[in-house]
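Asker: This is the structure I want to talk about, given as structure tokens.
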Amino acid sequence: MRGSKESAGKKAGPMGRKIGNAHLKWAFSEAVCLMMRELPQASAYVERQEKKHGKGNR
């Protein structure tokens, strides 16, 4: 069965589903964009994190 997990005879629900609310994801990403534009401290924080951990995906 594709997309399910089974161990010791017990079945877990389908795997690989989307997690979270799409509207909240959109709202938080908009808030972050506005914060990055308006607050120099936010940009400095992101630059420190990128220097420490690499750029990653945005």
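Residues are named by chain letter and number: chains run A, B, ... in the order of the structure tokens, numbers start at 1 in each chain, and ligands are numbered from 1 in the order shown.
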Let's see if you can do this: from backbone DSSP, list all strand (DSSP E or B) residues in chain A, as an mmCIF file with C-alpha atoms, in the first residue's frame.

Answerer:
```cif
data_model
loop_
_atom_site.group_PDB
_atom_site.id
_atom_site.type_symbol
_atom_site.label_atom_id
_atom_site.label_comp_id
_atom_site.auth_asym_id
_atom_site.auth_seq_id
_atom_site.Cartn_x
_atom_site.Cartn_y
_atom_site.Cartn_z
ATOM 1 C CA SER A 4 1.112 4.162 4.559
ATOM 2 C CA LYS A 5 3.277 3.064 7.455
ATOM 3 C CA GLU A 6 3.034 -0.309 9.166
ATOM 4 C CA SER A 7 5.118 -1.691 12.001
ATOM 5 C CA LYS A 10 -0.083 -1.845 13.505
ATOM 6 C CA LYS A 11 -0.988 0.562 10.751
ATOM 7 C CA ALA A 12 -0.440 4.297 10.959
ATOM 8 C CA GLY A 13 -2.299 6.773 8.798
ATOM 9 C CA PRO A 14 -1.244 7.836 5.336
#
```

Asker: Between CA of Lys52 (chain A) and CA of Lys18 (chain A), what is the distance, to one decimal in Å?

Answerer: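 These atoms are spaced 28.9 Å apart.
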
Asker: I need the residues of chain A that end up classed as helix (DSSP H, G or I) by DSSP on the backbone, written out as a VMD selection string.

Answerer: chain A and resid 22 to 38 40 to 53

Asker: For the atom pair CA of Val46 (chain A) and CA of Phe28 (chain A), what is the interatomic distance in Å to one decimal place?

Answerer: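 According to the coordinates, CA of Val46 (chain A) and CA of Phe28 (chain A) are separated by 15.8 Å.
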